[in-house]
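Undergrad: Provided herewith: my_file_28.txt, compact mmCIF, C-alpha atoms.
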# COMPACT_ATOMS: atom_id res chain seq x y z
CA MET A 914 69.98 15.19 112.08
CA SER A 915 68.43 16.37 108.84
CA GLN A 916 65.30 14.51 107.76
CA ARG A 917 63.14 14.66 104.64
CA THR A 918 59.37 14.69 104.50
CA PHE A 919 56.75 15.01 101.80
CA SER A 920 53.90 17.49 101.53
CA ILE A 921 51.12 18.41 99.13
CA ILE A 922 49.45 21.77 98.88
CA LYS A 923 45.95 20.54 98.06
CA PRO A 924 43.56 21.67 95.29
CA ASP A 925 41.45 23.83 97.63
CA ALA A 926 44.46 25.92 98.69
CA ILE A 927 45.66 26.27 95.09
CA ARG A 928 42.15 27.32 93.93
CA LYS A 929 41.94 29.95 96.68
CA GLY A 930 45.39 31.37 95.88
CA HIS A 931 47.02 30.33 99.17
CA ALA A 932 49.99 28.36 97.75
CA GLY A 933 52.46 31.26 98.01
CA ALA A 934 51.50 32.04 101.61
CA ILE A 935 51.73 28.36 102.58
CA LEU A 936 55.18 28.06 100.97
CA ALA A 937 56.25 31.20 102.86
CA ASP A 938 55.00 29.68 106.17
CA ILE A 939 56.94 26.48 105.42
CA GLU A 940 60.17 28.37 104.67
CA LYS A 941 59.70 30.66 107.66
CA ALA A 942 59.49 27.51 109.84
CA GLY A 943 63.01 26.57 108.70
CA PHE A 944 62.25 23.98 106.05
CA LYS A 945 64.45 23.76 102.97
CA ILE A 946 62.45 23.03 99.80
CA VAL A 947 64.41 20.20 98.18
CA ALA A 948 61.94 19.65 95.31
CA ILE A 949 58.69 21.23 94.19
CA LYS A 950 56.32 20.75 91.27
CA LYS A 951 52.83 21.81 90.35
CA LEU A 952 50.79 19.13 88.62
CA SER A 953 47.37 17.62 88.21
CA ILE A 954 46.77 13.99 89.12
CA THR A 955 44.11 11.61 87.83
CA LYS A 956 41.69 9.79 90.11
CA PRO A 957 43.62 6.50 89.60
CA GLN A 958 46.88 8.29 90.57
CA ALA A 959 45.17 9.67 93.69
CA GLU A 960 43.90 6.16 94.49
CA GLY A 961 47.43 4.79 94.20
CA PHE A 962 48.82 7.51 96.46
CA TYR A 963 46.11 7.03 99.13
CA TYR A 964 45.87 3.22 98.77
CA VAL A 965 46.42 2.79 102.53
CA HIS A 966 42.98 4.36 103.03
CA ARG A 967 41.19 2.28 100.35
CA GLU A 968 38.90 0.57 102.92
CA ARG A 969 37.95 3.83 104.66
CA PRO A 970 34.55 5.43 103.95
CA PHE A 971 36.14 8.71 102.81
CA PHE A 972 38.43 7.11 100.17
CA GLY A 973 36.18 7.90 97.17
CA SER A 974 35.56 11.54 98.07
CA LEU A 975 39.22 12.06 99.03
CA THR A 976 40.56 10.74 95.72
CA GLU A 977 37.88 12.67 93.80
CA PHE A 978 38.89 15.87 95.61
CA MET A 979 42.64 15.32 95.16
CA SER A 980 42.15 14.89 91.41
CA SER A 981 39.81 17.92 91.12
CA GLY A 982 42.52 20.47 90.33
CA PRO A 983 46.24 21.22 90.45
CA ILE A 984 48.34 20.35 93.49
CA MET A 985 51.88 21.25 94.54
CA ALA A 986 54.06 18.33 95.59
CA LEU A 987 56.99 19.19 97.89
CA VAL A 988 60.00 17.46 99.36
CA LEU A 989 61.08 19.30 102.50
CA GLU A 990 64.15 18.94 104.67
CA LYS A 991 65.18 19.99 108.17
CA ASP A 992 65.93 18.46 111.55
CA ASN A 993 62.84 16.63 112.82
CA ALA A 994 61.04 17.45 109.55
CA ILE A 995 58.13 14.99 109.84
CA ALA A 996 57.02 16.00 113.35
CA ASP A 997 57.71 19.69 112.75
CA LEU A 998 55.66 19.79 109.54
CA ARG A 999 52.75 18.01 111.21
CA LYS A 1000 52.83 20.58 114.03
CA LEU A 1001 52.96 23.44 111.48
CA MET A 1002 50.04 21.95 109.52
CA GLY A 1003 47.75 21.68 112.56
CA ALA A 1004 44.91 19.26 113.28
CA THR A 1005 43.22 17.53 110.33
CA ASN A 1006 39.99 19.31 111.21
CA PRO A 1007 40.77 23.03 110.90
CA ALA A 1008 38.17 23.78 113.59
CA ASN A 1009 40.46 21.96 116.06
CA ALA A 1010 43.74 23.37 114.70
CA GLU A 1011 45.86 25.70 116.82
CA GLU A 1012 46.07 29.40 115.95
CA GLY A 1013 48.86 30.14 113.49
CA THR A 1014 48.87 26.69 111.88
CA ILE A 1015 48.43 26.30 108.13
CA ARG A 1016 45.07 24.56 108.48
CA LYS A 1017 43.72 27.17 110.92
CA LYS A 1018 44.66 29.93 108.47
CA TYR A 1019 43.81 28.35 105.09
CA ALA A 1020 41.57 25.27 105.44
CA SER A 1021 37.78 25.17 105.34
CA SER A 1022 36.89 21.57 106.33
CA ILE A 1023 38.31 18.16 107.28
CA GLU A 1024 38.54 17.22 103.61
CA GLU A 1025 39.46 20.62 102.14
CA ASN A 1026 42.23 21.10 104.67
CA ALA A 1027 44.83 22.81 102.46
CA ILE A 1028 47.85 20.55 103.05
CA HIS A 1029 49.05 16.96 103.38
CA GLY A 1030 52.18 15.88 105.22
CA SER A 1031 53.80 12.48 105.73
CA ASP A 1032 53.12 10.88 109.12
CA ALA A 1033 56.23 8.66 109.40
CA GLU A 1034 59.61 7.96 107.75
CA ASP A 1035 58.32 4.94 105.78
CA THR A 1036 55.36 6.96 104.52
CA ALA A 1037 57.62 9.88 103.57
CA LYS A 1038 59.90 7.57 101.53
CA PHE A 1039 56.91 6.08 99.66
CA GLU A 1040 55.28 9.46 99.07
CA ILE A 1041 58.48 11.16 97.87
CA GLY A 1042 59.10 8.28 95.46
CA TYR A 1043 55.51 8.42 94.20
CA PHE A 1044 56.00 11.97 92.89
CA PHE A 1045 59.75 12.53 92.45
CA ALA A 1046 62.64 10.73 90.80
CA GLY A 1047 65.97 11.05 92.65
CA HIS A 1048 67.45 13.39 90.02
CA GLU A 1049 64.62 15.90 90.62
CA MET A 1050 65.78 16.70 94.16
CA VAL A 1051 68.31 19.46 94.70
What is this structure when it is put down as structure tokens?
TA:
Amino acid sequence: MSQRTFSIIKPDAIRKGHAGAILADIEKAGFKIVAIKKLSITKPQAEGFYYVHRERPFFGSLTEFMSSGPIMALVLEKDNAIADLRKLMGATNPANAEEGTIRKKYASSIEENAIHGSDAEDTAKFEIGYFFAGHEMV
């Protein structure tokens, strides 16, 4: 059954010119891009998006990083989209990511790890709604 998930191509990947290659990897893996937009977010917007991590020690640096430059927000669709995207992304730490994954190819550190993907259906619903209105999805 078709499922939707949310992803962000992070500021580090945009800065390094990897967005096109990452989008190509995503499409090659069978995902349909339902919605896409390039935007910049403020630190308060990043804090709202990552509020679940507000008590974690990395919250400040994460929200600072995510508001440091443009991002690409994506809504993706395919069977088993959430699990498949997480497999395609690779481990959070690119040093531990499998060969061929997005993070192995394009990330430089745990924080500057090129891409974000929803970890569960509830999260995906929240994250999609945070960046996209219903009429923006094709």
Undergrad: I'd like to know which of A:Lys1000, A:His931, A:Tyr1019, A:Phe1045 is closest to A:Asp1032, using only C-alpha atoms.
TA: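 When distances to A:Asp1032 are compared using only C-alpha atoms, the smallest one comes from A:Lys1000.
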Undergrad: Residues at most 12 Å from A:Lys929, counting all atoms listed in the file, excluding those fewer than 2 positions away in the same chain, as a list in words?
TA: Ile922, Lys923, Pro924, Asp925, Ala926, Ile927, His931, Ala932, Gly933, Ala934, Ile935, Gly982, Pro983, Ile984, Tyr1019, Ala1020, Ser1021, Glu1025, Asn1026 and Ala1027 of chain A
Undergrad: For A:Tyr964, find every residue with an atom within 12 Å (counting all atoms listed in the file), except residues of its own chain fewer than 2 positions away, and show them as JSON, numbers by chain.
TA: {"A": [956, 957, 958, 959, 960, 961, 962, 966, 967, 968, 969, 971, 972, 973, 975, 976, 1036, 1039, 1040, 1043]}
Undergrad: To one decimal place in Å, what is the distance between atom CA of A:Ala1010 and atom CA of A:Ile921?
TA: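 Between these atoms lies a distance of 17.9 Å.
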Undergrad: Find, counting only C-alpha atoms, the residue in A:Ser920, A:Ser981, A:Asn1009, A:Ser974 that gets nearest to A:Ile954.
TA: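 The closest residue to A:Ile954 is A:Ser981.
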Undergrad: Give me the box for stretch 991-996 of chain A as lines of an AutoDock Vina configuration file, namely the centre and edge lengths in Å to one decimal of a box along x, y and z that holds every listed atom plus 4 Å on each side.
TA:
center_x = 61.5
center_y = 17.5
center_z = 110.8
size_x = 16.9
size_y = 13.0
size_z = 13.2
Undergrad: Would you list the contacts of A:Ser915 as a compact mmCIF listing (two decimals) with C-alpha atoms, in the frame of the given file, taking every protein, DNA or RNA residue within 9 Å and counting all atoms listed in the file, but skipping same-chain residues closer than 4 positions in sequence?
TA:
# COMPACT_ATOMS: atom_id res chain seq x y z
CA GLU A 990 64.15 18.94 104.67
CA LYS A 991 65.18 19.99 108.17
CA ASP A 992 65.93 18.46 111.55
CA ASN A 993 62.84 16.63 112.82
CA ALA A 994 61.04 17.45 109.55
Undergrad: Any idea what the distance is between atom CA of A:Ile1041 and atom CA of A:Phe919?
TA: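 Separation between atom CA of A:Ile1041 and atom CA of A:Phe919: 5.8 Å.
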Undergrad: Between atom CA of A:Ile1028 and atom CA of A:Lys951, what is the distance in Å, rounded to a tenth?
TA: 13.7 Å
Undergrad: Which of these residues is nearest to A:Leu989, using all atoms listed in the file: A:Met1002, A:Met914, A:Ala1046, A:Val947?
TA: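 Ranking A:Met1002, A:Met914, A:Ala1046, A:Val947 by distance to A:Leu989, first place goes to A:Val947.
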Undergrad: Which residue, A:Val1051, A:Ile939, A:Thr918, A:Phe1044, has the smallest gap to A:Ser953 when you use only C-alpha atoms?
TA: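 Closest to A:Ser953 of all the choices is A:Phe1044.
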Undergrad: Would you mind listing what lies within 7 Å of A:Lys950 as a ChimeraX atom specification, with all atoms listed in the file counted and same-chain residues fewer than 6 positions away left out?
TA: /A:985-987
Undergrad: Quick one: of A:Val988, A:Leu952, A:Arg928, A:Ala937, who's nearest to A:Gly1042, counting only C-alpha atoms?
TA: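 Among the listed residues, A:Val988 lies closest to A:Gly1042.
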Undergrad: Just checking: using all atoms listed in the file, which residue out of A:Arg917, A:His1048, A:Pro1007, A:Pro970 ends up closest to A:Ile946?
TA: A:Arg917
